[in-house]
Every structure is written in structure tokens, then in C-alpha cells.
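**Student:** target_35.csv is the file, holding CSV, N, CA and C atoms:
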```
chain,number,residue,atom,x,y,z
A,1,MET,N,0.8,-1.2,0.0
A,1,MET,CA,0.0,0.0,0.0
A,1,MET,C,0.9,1.3,0.0
A,2,ILE,N,1.9,1.2,0.7
A,2,ILE,CA,2.8,2.4,0.8
A,2,ILE,C,3.4,2.7,-0.5
A,3,LYS,N,3.8,1.6,-1.3
A,3,LYS,CA,4.4,1.9,-2.6
A,3,LYS,C,3.4,2.5,-3.6
A,4,VAL,N,2.1,2.0,-3.5
A,4,VAL,CA,1.1,2.5,-4.3
A,4,VAL,C,0.8,4.0,-4.0
A,5,ARG,N,0.7,4.3,-2.7
A,5,ARG,CA,0.5,5.7,-2.3
A,5,ARG,C,1.6,6.6,-2.8
A,6,GLU,N,2.9,6.1,-2.7
A,6,GLU,CA,4.0,6.9,-3.2
A,6,GLU,C,3.9,7.1,-4.7
A,7,LEU,N,3.5,6.1,-5.4
A,7,LEU,CA,3.4,6.2,-6.9
A,7,LEU,C,2.3,7.2,-7.2
A,8,PHE,N,1.2,7.1,-6.6
A,8,PHE,CA,0.1,8.1,-6.8
A,8,PHE,C,0.5,9.5,-6.6
A,9,ARG,N,1.4,9.7,-5.6
A,9,ARG,CA,1.8,11.1,-5.2
A,9,ARG,C,3.0,11.6,-6.0
A,10,ASP,N,3.6,10.7,-6.8
A,10,ASP,CA,4.8,11.1,-7.6
A,10,ASP,C,4.4,11.9,-8.9
A,11,THR,N,4.6,13.2,-8.8
A,11,THR,CA,4.2,14.1,-9.9
A,11,THR,C,5.0,13.9,-11.2
A,12,ASP,N,6.2,13.2,-11.1
A,12,ASP,CA,7.0,13.0,-12.2
A,12,ASP,C,6.5,11.8,-13.1
A,13,SER,N,5.8,10.9,-12.4
A,13,SER,CA,5.4,9.7,-13.2
A,13,SER,C,3.9,9.4,-13.2
A,14,THR,N,3.1,10.2,-12.4
A,14,THR,CA,1.7,9.9,-12.2
A,14,THR,C,0.9,11.2,-12.3
A,15,GLU,N,-0.2,11.0,-13.0
A,15,GLU,CA,-1.3,12.1,-13.0
A,15,GLU,C,-2.6,11.3,-13.0
A,16,PHE,N,-3.4,11.7,-12.0
A,16,PHE,CA,-4.8,11.2,-11.9
A,16,PHE,C,-5.7,12.1,-12.8
A,17,VAL,N,-6.4,11.5,-13.8
A,17,VAL,CA,-7.3,12.3,-14.6
A,17,VAL,C,-8.7,11.9,-14.2
A,18,ILE,N,-9.5,12.9,-13.8
A,18,ILE,CA,-10.9,12.6,-13.5
A,18,ILE,C,-11.7,12.6,-14.8
A,19,VAL,N,-12.5,11.6,-14.9
A,19,VAL,CA,-13.4,11.5,-16.1
A,19,VAL,C,-14.9,11.5,-15.5
A,20,THR,N,-15.7,12.4,-16.1
A,20,THR,CA,-17.1,12.5,-15.6
A,20,THR,C,-18.0,12.7,-16.8
A,21,ILE,N,-19.3,12.7,-16.5
A,21,ILE,CA,-20.3,13.1,-17.6
A,21,ILE,C,-20.9,14.4,-17.1
A,22,PRO,N,-21.5,15.1,-18.1
A,22,PRO,CA,-22.1,16.4,-17.8
A,22,PRO,C,-23.5,16.3,-17.1
A,23,THR,N,-23.5,15.9,-15.9
A,23,THR,CA,-24.8,15.9,-15.1
A,23,THR,C,-24.4,16.5,-13.8
A,24,VAL,N,-25.4,17.1,-13.1
A,24,VAL,CA,-25.2,17.7,-11.8
A,24,VAL,C,-24.6,16.7,-10.8
A,25,MET,N,-25.2,15.5,-10.8
A,25,MET,CA,-24.7,14.6,-9.8
A,25,MET,C,-23.3,14.2,-10.0
A,26,ALA,N,-23.0,13.9,-11.3
A,26,ALA,CA,-21.6,13.4,-11.6
A,26,ALA,C,-20.6,14.5,-11.3
A,27,VAL,N,-20.9,15.8,-11.6
A,27,VAL,CA,-20.0,16.9,-11.3
A,27,VAL,C,-19.8,17.0,-9.8
A,28,SER,N,-20.9,16.9,-9.1
A,28,SER,CA,-20.7,16.9,-7.6
A,28,SER,C,-19.8,15.8,-7.1
A,29,GLU,N,-20.0,14.6,-7.6
A,29,GLU,CA,-19.2,13.5,-7.2
A,29,GLU,C,-17.7,13.8,-7.6
A,30,SER,N,-17.5,14.3,-8.8
A,30,SER,CA,-16.1,14.6,-9.2
A,30,SER,C,-15.5,15.7,-8.3
A,31,SER,N,-16.2,16.6,-7.9
A,31,SER,CA,-15.7,17.7,-7.0
A,31,SER,C,-15.3,17.0,-5.6
A,32,ARG,N,-16.1,16.1,-5.1
A,32,ARG,CA,-15.7,15.4,-3.9
A,32,ARG,C,-14.5,14.6,-4.1
A,33,LEU,N,-14.4,13.9,-5.3
A,33,LEU,CA,-13.2,13.1,-5.6
A,33,LEU,C,-12.0,14.0,-5.6
A,34,ARG,N,-12.0,15.1,-6.3
A,34,ARG,CA,-10.9,16.0,-6.3
A,34,ARG,C,-10.5,16.5,-5.0
A,35,ALA,N,-11.4,16.8,-4.1
A,35,ALA,CA,-11.1,17.2,-2.7
A,35,ALA,C,-10.4,16.1,-2.0
A,36,SER,N,-10.8,14.9,-2.1
A,36,SER,CA,-10.2,13.7,-1.5
A,36,SER,C,-8.8,13.5,-2.0
A,37,LEU,N,-8.7,13.5,-3.3
A,37,LEU,CA,-7.3,13.3,-3.9
A,37,LEU,C,-6.4,14.4,-3.5
A,38,GLN,N,-6.8,15.6,-3.4
A,38,GLN,CA,-6.0,16.7,-3.0
A,38,GLN,C,-5.5,16.5,-1.5
A,39,LYS,N,-6.4,16.1,-0.7
A,39,LYS,CA,-6.1,15.8,0.7
A,39,LYS,C,-5.0,14.8,0.8
A,40,GLU,N,-5.0,13.8,-0.1
A,40,GLU,CA,-4.0,12.8,-0.1
A,40,GLU,C,-2.8,13.1,-1.0
A,41,ASN,N,-2.7,14.4,-1.5
A,41,ASN,CA,-1.6,14.9,-2.3
A,41,ASN,C,-1.4,14.1,-3.6
A,42,VAL,N,-2.5,13.7,-4.2
A,42,VAL,CA,-2.5,13.0,-5.5
A,42,VAL,C,-2.7,14.1,-6.5
A,43,PRO,N,-1.7,14.2,-7.5
A,43,PRO,CA,-1.8,15.2,-8.5
A,43,PRO,C,-2.9,15.0,-9.5
A,44,VAL,N,-3.7,16.1,-9.6
A,44,VAL,CA,-4.8,16.1,-10.6
A,44,VAL,C,-4.7,17.4,-11.4
A,45,LYS,N,-4.6,17.3,-12.7
A,45,LYS,CA,-4.5,18.5,-13.5
A,45,LYS,C,-5.6,18.7,-14.5
A,46,ARG,N,-6.2,17.5,-14.9
A,46,ARG,CA,-7.2,17.5,-16.0
A,46,ARG,C,-8.5,16.8,-15.6
A,47,LEU,N,-9.5,17.3,-16.2
A,47,LEU,CA,-10.9,16.8,-16.1
A,47,LEU,C,-11.5,16.6,-17.4
A,48,ILE,N,-11.8,15.3,-17.7
A,48,ILE,CA,-12.5,15.0,-19.0
A,48,ILE,C,-14.0,14.9,-18.8
A,49,VAL,N,-14.7,15.6,-19.6
A,49,VAL,CA,-16.2,15.6,-19.5
A,49,VAL,C,-16.6,14.8,-20.7
A,50,ASN,N,-17.1,13.6,-20.5
A,50,ASN,CA,-17.4,12.6,-21.5
A,50,ASN,C,-18.9,12.8,-22.0
A,51,GLN,N,-19.2,12.4,-23.2
A,51,GLN,CA,-20.6,12.3,-23.7
A,51,GLN,C,-21.2,13.6,-23.9
A,52,ILE,N,-20.4,14.6,-24.4
A,52,ILE,CA,-21.0,16.0,-24.6
A,52,ILE,C,-21.8,15.9,-26.0
A,53,LEU,N,-23.0,16.3,-26.0
A,53,LEU,CA,-23.8,16.3,-27.2
A,53,LEU,C,-23.2,17.2,-28.2
A,54,PRO,N,-23.0,16.8,-29.5
A,54,PRO,CA,-22.5,17.6,-30.5
A,54,PRO,C,-23.5,18.7,-30.9
A,55,PRO,N,-23.0,19.8,-31.4
A,55,PRO,CA,-23.9,20.9,-31.9
A,55,PRO,C,-24.9,20.3,-33.0
A,56,SER,N,-26.1,20.9,-33.0
A,56,SER,CA,-27.1,20.5,-33.9
A,56,SER,C,-27.9,21.6,-34.4
A,57,ALA,N,-28.2,21.7,-35.7
A,57,ALA,CA,-29.0,22.8,-36.2
A,57,ALA,C,-30.5,22.5,-35.9
A,58,SER,N,-30.8,21.3,-35.8
A,58,SER,CA,-32.3,20.9,-35.6
A,58,SER,C,-32.4,20.1,-34.4
A,59,ASP,N,-32.5,20.7,-33.2
A,59,ASP,CA,-32.6,20.0,-32.0
A,59,ASP,C,-34.1,19.5,-31.8
A,60,CYS,N,-34.2,18.2,-31.5
A,60,CYS,CA,-35.5,17.7,-31.0
A,60,CYS,C,-35.7,18.2,-29.6
A,61,LYS,N,-36.9,18.2,-29.1
A,61,LYS,CA,-37.2,18.7,-27.8
A,61,LYS,C,-36.3,18.0,-26.7
A,62,PHE,N,-36.2,16.7,-26.8
A,62,PHE,CA,-35.3,15.9,-25.9
A,62,PHE,C,-33.9,16.4,-25.9
A,63,CYS,N,-33.3,16.5,-27.1
A,63,CYS,CA,-31.9,16.9,-27.3
A,63,CYS,C,-31.7,18.4,-26.8
A,64,ALA,N,-32.6,19.2,-27.0
A,64,ALA,CA,-32.5,20.6,-26.5
A,64,ALA,C,-32.5,20.6,-25.0
A,65,MET,N,-33.4,19.8,-24.4
A,65,MET,CA,-33.4,19.8,-22.9
A,65,MET,C,-32.1,19.2,-22.4
A,66,LYS,N,-31.7,18.1,-23.0
A,66,LYS,CA,-30.4,17.4,-22.6
A,66,LYS,C,-29.2,18.4,-22.7
A,67,ARG,N,-29.2,19.2,-23.8
A,67,ARG,CA,-28.1,20.1,-24.0
A,67,ARG,C,-28.1,21.2,-22.9
A,68,ARG,N,-29.3,21.7,-22.6
A,68,ARG,CA,-29.4,22.7,-21.5
A,68,ARG,C,-28.9,22.1,-20.2
A,69,ASP,N,-29.3,20.9,-19.9
A,69,ASP,CA,-28.8,20.2,-18.7
A,69,ASP,C,-27.3,20.1,-18.7
A,70,GLN,N,-26.7,19.7,-19.8
A,70,GLN,CA,-25.3,19.6,-19.9
A,70,GLN,C,-24.6,21.0,-19.8
A,71,MET,N,-25.2,22.0,-20.3
A,71,MET,CA,-24.6,23.3,-20.2
A,71,MET,C,-24.6,23.8,-18.7
A,72,ARG,N,-25.7,23.4,-18.0
A,72,ARG,CA,-25.7,23.7,-16.5
A,72,ARG,C,-24.6,23.0,-15.8
A,73,ALA,N,-24.4,21.7,-16.1
A,73,ALA,CA,-23.3,21.0,-15.5
A,73,ALA,C,-22.0,21.6,-15.8
A,74,LEU,N,-21.7,22.0,-17.0
A,74,LEU,CA,-20.5,22.6,-17.4
A,74,LEU,C,-20.2,23.9,-16.7
A,75,GLU,N,-21.3,24.7,-16.5
A,75,GLU,CA,-21.2,25.9,-15.7
A,75,GLU,C,-20.9,25.6,-14.2
A,76,MET,N,-21.4,24.5,-13.7
A,76,MET,CA,-21.1,24.1,-12.3
A,76,MET,C,-19.6,23.9,-12.2
A,77,ILE,N,-19.0,23.2,-13.2
A,77,ILE,CA,-17.6,23.0,-13.2
A,77,ILE,C,-16.8,24.3,-13.2
A,78,GLN,N,-17.2,25.2,-14.0
A,78,GLN,CA,-16.5,26.5,-14.0
A,78,GLN,C,-16.5,27.3,-12.7
A,79,ASN,N,-17.6,27.0,-11.9
A,79,ASN,CA,-17.8,27.7,-10.7
A,79,ASN,C,-17.4,26.9,-9.4
A,80,ASP,N,-17.0,25.7,-9.6
A,80,ASP,CA,-16.7,24.8,-8.5
A,80,ASP,C,-15.2,25.1,-8.1
A,81,PRO,N,-15.0,25.3,-6.8
A,81,PRO,CA,-13.7,25.6,-6.3
A,81,PRO,C,-12.7,24.4,-6.5
A,82,GLU,N,-13.2,23.2,-6.5
A,82,GLU,CA,-12.3,22.0,-6.6
A,82,GLU,C,-12.0,21.8,-8.1
A,83,LEU,N,-12.9,22.1,-9.0
A,83,LEU,CA,-12.8,21.7,-10.4
A,83,LEU,C,-12.3,22.8,-11.4
A,84,SER,N,-12.6,24.0,-11.0
A,84,SER,CA,-12.4,25.2,-11.9
A,84,SER,C,-11.0,25.4,-12.4
A,85,SER,N,-10.0,24.9,-11.5
A,85,SER,CA,-8.6,25.2,-11.9
A,85,SER,C,-8.1,24.1,-12.8
A,86,LEU,N,-8.8,23.0,-13.0
A,86,LEU,CA,-8.4,21.9,-13.8
A,86,LEU,C,-8.5,22.2,-15.3
A,87,THR,N,-7.6,21.7,-16.1
A,87,THR,CA,-7.8,21.8,-17.6
A,87,THR,C,-9.0,20.9,-18.0
A,88,LEU,N,-9.9,21.6,-18.6
A,88,LEU,CA,-11.2,20.9,-19.0
A,88,LEU,C,-11.1,20.4,-20.4
A,89,ILE,N,-11.4,19.1,-20.6
A,89,ILE,CA,-11.3,18.5,-21.9
A,89,ILE,C,-12.7,17.9,-22.2
A,90,HIS,N,-13.3,18.3,-23.3
A,90,HIS,CA,-14.6,17.8,-23.7
A,90,HIS,C,-14.4,16.6,-24.6
A,91,ALA,N,-15.2,15.6,-24.3
A,91,ALA,CA,-15.2,14.4,-25.2
A,91,ALA,C,-16.6,14.2,-25.7
A,92,PRO,N,-16.8,14.2,-27.0
A,92,PRO,CA,-18.1,14.2,-27.6
A,92,PRO,C,-18.8,12.9,-27.4
A,93,LEU,N,-20.1,12.9,-27.4
A,93,LEU,CA,-21.0,11.7,-27.5
A,93,LEU,C,-20.8,11.2,-28.9
A,94,VAL,N,-20.4,9.9,-29.0
A,94,VAL,CA,-20.3,9.3,-30.3
A,94,VAL,C,-21.4,8.2,-30.5
A,95,ASP,N,-21.5,7.8,-31.7
A,95,ASP,CA,-22.6,6.9,-32.0
A,95,ASP,C,-22.3,5.4,-31.8
A,96,VAL,N,-21.2,5.1,-31.2
A,96,VAL,CA,-20.9,3.7,-30.9
A,96,VAL,C,-20.5,3.6,-29.4
A,97,GLU,N,-20.6,2.4,-28.9
A,97,GLU,CA,-20.1,2.2,-27.5
A,97,GLU,C,-18.6,2.1,-27.6
A,98,ILE,N,-17.9,2.8,-26.7
A,98,ILE,CA,-16.5,2.7,-26.6
A,98,ILE,C,-16.1,1.5,-25.8
A,99,ARG,N,-15.7,0.4,-26.5
A,99,ARG,CA,-15.3,-0.8,-25.9
A,99,ARG,C,-14.1,-1.4,-26.7
A,100,GLY,N,-13.1,-1.8,-26.0
A,100,GLY,CA,-11.9,-2.4,-26.7
A,100,GLY,C,-10.9,-1.4,-27.1
A,101,VAL,N,-9.7,-1.9,-27.5
A,101,VAL,CA,-8.6,-1.0,-27.8
A,101,VAL,C,-8.9,-0.2,-29.0
A,102,PRO,N,-9.4,-0.7,-30.2
A,102,PRO,CA,-9.6,0.2,-31.3
A,102,PRO,C,-10.6,1.4,-31.0
A,103,ALA,N,-11.6,1.1,-30.2
A,103,ALA,CA,-12.6,2.2,-29.9
A,103,ALA,C,-11.9,3.2,-29.0
A,104,LEU,N,-11.1,2.7,-28.0
A,104,LEU,CA,-10.4,3.6,-27.1
A,104,LEU,C,-9.4,4.5,-27.9
A,105,LYS,N,-8.7,3.9,-28.8
A,105,LYS,CA,-7.8,4.6,-29.7
A,105,LYS,C,-8.6,5.7,-30.4
A,106,PHE,N,-9.7,5.3,-31.0
A,106,PHE,CA,-10.5,6.3,-31.7
A,106,PHE,C,-10.9,7.5,-30.9
A,107,LEU,N,-11.4,7.2,-29.6
A,107,LEU,CA,-11.8,8.3,-28.8
A,107,LEU,C,-10.6,9.1,-28.3
A,108,GLY,N,-9.5,8.4,-28.0
A,108,GLY,CA,-8.3,9.0,-27.6
A,108,GLY,C,-7.8,10.0,-28.6
A,109,ASP,N,-7.9,9.6,-29.9
A,109,ASP,CA,-7.4,10.5,-31.0
A,109,ASP,C,-8.3,11.8,-31.0
A,110,ILE,N,-9.5,11.7,-30.6
A,110,ILE,CA,-10.4,12.9,-30.6
A,110,ILE,C,-10.0,13.7,-29.4
A,111,ILE,N,-9.9,13.1,-28.2
A,111,ILE,CA,-9.6,13.8,-27.0
A,111,ILE,C,-8.2,14.5,-26.9
A,112,TRP,N,-7.2,13.7,-27.3
A,112,TRP,CA,-5.8,14.2,-27.1
A,112,TRP,C,-5.3,14.8,-28.4
A,113,LYS,N,-6.1,15.3,-29.3
A,113,LYS,CA,-5.7,15.8,-30.6
A,113,LYS,C,-4.7,17.0,-30.4
```
So, in terms of C-alpha cells, how does the structure I just supplied come out?

**Tutor:**
Amino acid sequence: MIKVRELFRDTDSTEFVIVTIPTVMAVSESSRLRASLQKENVPVKRLIVNQILPPSASDCKFCAMKRRDQMRALEMIQNDPELSSLTLIHAPLVDVEIRGVPALKFLGDIIWK
């Protein structure tokens, strides 16, 4: 356990990246996670927000409501004392389930471009 704790705290070799979805509950959980990691001196520099709806010229009622909810969650991040200092990375909602190495590479290419 001591070796793992030391590894997590080593800023030269480790970075903990928080990944969340754009909902009020998930953002609140991510904020609590960041606070806990900070208390343990685990370095966190980036926050990935996954499943962001892409822009659309013709929003259906459901999509428009979902987009508003996501915008509210993104605003929460900007105003949250635990999360606002992190580099924010948006990962779009894609039309396939991300499973397996090829799919992870596909999403990684989008996120880390």
C-alpha cells in the first residue's frame, strides 16, 4: 500500500485524470473526488467531461433539454472551487459504444488531438 501511495503522489510519473459526464450529480461527485485526492496529495491537472452532445441545427425537444442540462453541469464545473482550476477536456458523445482497444484509440485521438 505504501508503494502505491508513493506512486500516486509522484508528480514525475503519475497524473490522476478525473473523467465525468455532464450531469449535476456526476459533477458533484467529481468535486468530492478532487477534494479527497488533494487531501492525499495525489496530483490532478485535468478533467475529461465525456458524452457531450455535438452541436445540432435541428434539436429535437429531448436533445434541446439534454443540451441545457449539460450546459448547466459545465457551468457548475467552471464555478466549482475544486474543479475550476483543472484543464477541461470535452469528449463528444459518439454513435458507438467505446469498448476495446480500437474504440479507445478512436476516442483518444479525438480527446488528445

**Student:** Which neighbours of A:Leu37 fall inside 12 Å, counting only C-alpha atoms, when residues of the same chain fewer than 3 positions from it are skipped, and could you give them as a ChimeraX atom specification?

**Tutor:** /A:5,8-9,15-18,30-34,40-45,82-83

**Student:** Mind listing the helix (DSSP H, G or I) residues of stretch 1-61 of chain A, per DSSP on the backbone, as a PyMOL selection string?

**Tutor:** chain A and resi 2-9+24-39+61

**Student:** For stretch 102-109 of chain A, work out the shell of residues within 8 Å, counting only N, CA and C atoms and skipping chain neighbours fewer than 4 positions away, then give it as a list in words.

**Tutor:**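 Within the cut-off, the hits are Ala91, Pro92, Glu97, Ile98 and Lys113 of chain A.
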
**Student:** From a DSSP pass on the backbone, collect the residues of stretch 14-87 of chain A flagged as strand (DSSP E or B) and hand them back as a list in words.

**Tutor:**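 DSSP-assigned strand (DSSP E or B) residues in stretch 14-87 of chain A: Phe16, Val17, Ile18, Val19, Thr20, Val44, Lys45, Arg46, Leu47, Ile48, Val49, Asn50, Gln51, Ile52 and Thr87 of chain A.
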
**Student:** Could you please take those selected residues and save N, CA and C atoms as a PDB file, in the coordinates of the input?

**Tutor:**
```pdb
ATOM      1  N   PHE A  16      -3.400  11.700 -12.000  1.00  0.00           N
ATOM      2  CA  PHE A  16      -4.800  11.200 -11.900  1.00  0.00           C
ATOM      3  C   PHE A  16      -5.700  12.100 -12.800  1.00  0.00           C
ATOM      4  N   VAL A  17      -6.400  11.500 -13.800  1.00  0.00           N
ATOM      5  CA  VAL A  17      -7.300  12.300 -14.600  1.00  0.00           C
ATOM      6  C   VAL A  17      -8.700  11.900 -14.200  1.00  0.00           C
ATOM      7  N   ILE A  18      -9.500  12.900 -13.800  1.00  0.00           N
ATOM      8  CA  ILE A  18     -10.900  12.600 -13.500  1.00  0.00           C
ATOM      9  C   ILE A  18     -11.700  12.600 -14.800  1.00  0.00           C
ATOM     10  N   VAL A  19     -12.500  11.600 -14.900  1.00  0.00           N
ATOM     11  CA  VAL A  19     -13.400  11.500 -16.100  1.00  0.00           C
ATOM     12  C   VAL A  19     -14.900  11.500 -15.500  1.00  0.00           C
ATOM     13  N   THR A  20     -15.700  12.400 -16.100  1.00  0.00           N
ATOM     14  CA  THR A  20     -17.100  12.500 -15.600  1.00  0.00           C
ATOM     15  C   THR A  20     -18.000  12.700 -16.800  1.00  0.00           C
ATOM     16  N   VAL A  44      -3.700  16.100  -9.600  1.00  0.00           N
ATOM     17  CA  VAL A  44      -4.800  16.100 -10.600  1.00  0.00           C
ATOM     18  C   VAL A  44      -4.700  17.400 -11.400  1.00  0.00           C
ATOM     19  N   LYS A  45      -4.600  17.300 -12.700  1.00  0.00           N
ATOM     20  CA  LYS A  45      -4.500  18.500 -13.500  1.00  0.00           C
ATOM     21  C   LYS A  45      -5.600  18.700 -14.500  1.00  0.00           C
ATOM     22  N   ARG A  46      -6.200  17.500 -14.900  1.00  0.00           N
ATOM     23  CA  ARG A  46      -7.200  17.500 -16.000  1.00  0.00           C
ATOM     24  C   ARG A  46      -8.500  16.800 -15.600  1.00  0.00           C
ATOM     25  N   LEU A  47      -9.500  17.300 -16.200  1.00  0.00           N
ATOM     26  CA  LEU A  47     -10.900  16.800 -16.100  1.00  0.00           C
ATOM     27  C   LEU A  47     -11.500  16.600 -17.400  1.00  0.00           C
ATOM     28  N   ILE A  48     -11.800  15.300 -17.700  1.00  0.00           N
ATOM     29  CA  ILE A  48     -12.500  15.000 -19.000  1.00  0.00           C
ATOM     30  C   ILE A  48     -14.000  14.900 -18.800  1.00  0.00           C
ATOM     31  N   VAL A  49     -14.700  15.600 -19.600  1.00  0.00           N
ATOM     32  CA  VAL A  49     -16.200  15.600 -19.500  1.00  0.00           C
ATOM     33  C   VAL A  49     -16.600  14.800 -20.700  1.00  0.00           C
ATOM     34  N   ASN A  50     -17.100  13.600 -20.500  1.00  0.00           N
ATOM     35  CA  ASN A  50     -17.400  12.600 -21.500  1.00  0.00           C
ATOM     36  C   ASN A  50     -18.900  12.800 -22.000  1.00  0.00           C
ATOM     37  N   GLN A  51     -19.200  12.400 -23.200  1.00  0.00           N
ATOM     38  CA  GLN A  51     -20.600  12.300 -23.700  1.00  0.00           C
ATOM     39  C   GLN A  51     -21.200  13.600 -23.900  1.00  0.00           C
ATOM     40  N   ILE A  52     -20.400  14.600 -24.400  1.00  0.00           N
ATOM     41  CA  ILE A  52     -21.000  16.000 -24.600  1.00  0.00           C
ATOM     42  C   ILE A  52     -21.800  15.900 -26.000  1.00  0.00           C
ATOM     43  N   THR A  87      -7.600  21.700 -16.100  1.00  0.00           N
ATOM     44  CA  THR A  87      -7.800  21.800 -17.600  1.00  0.00           C
ATOM     45  C   THR A  87      -9.000  20.900 -18.000  1.00  0.00           C
TER      46      THR A  87
END
```

**Student:** In Å to one decimal, how far is atom CA of A:Val19 from atom CA of A:Leu86?

**Tutor:** 11.8 Å

**Student:** Using all atoms listed in the file, can you tell me which of A:Ser85, A:Thr20, A:Glu29, A:Met65 comes closest to A:Ile48?

**Tutor:**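 Smallest distance to A:Ile48 is found for A:Thr20.
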
**Student:** Using all atoms listed in the file, which residues sit within 7 Å of A:Thr23 once same-chain residues fewer than 6 positions away are excluded, as a list in words?

**Tutor:** Asp69, Gln70, Arg72, Ala73 and Leu74 of chain A

**Student:** Between A:Leu53, A:Val94, A:Ile110, A:Ala26, which one has atoms that come closest to A:Arg67, using only N, CA and C atoms?

**Tutor:**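 The shortest atom-to-atom distance to A:Arg67 comes from A:Leu53.
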
**Student:** Please, what distance in Å, to one decimal, runs between atom CA of A:Ile89 and atom CA of A:Leu47?

**Tutor:**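 It comes out at 6.1 Å.
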
**Student:** Between atom CA of A:His90 and atom CA of A:Gln51, what distance in Å does the model show, to one decimal?

**Tutor:**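 Atom CA of A:Gln51 lies 8.1 Å from atom CA of A:His90.
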
**Student:** Find the residue from A:Leu88, A:Leu93, A:Glu75, A:Ser36 that sits nearest to A:Ile52; use only N, CA and C atoms when measuring.

**Tutor:**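 So, comparing all the options, the nearest one is A:Leu93.
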
**Student:** Using only N, CA and C atoms, which of the listed residues (A:Thr87, A:Asn79, A:Arg68, A:Met1) sits closest to A:Val49?

**Tutor:**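 With only N, CA and C atoms as the atom set, the closest residue is A:Thr87.
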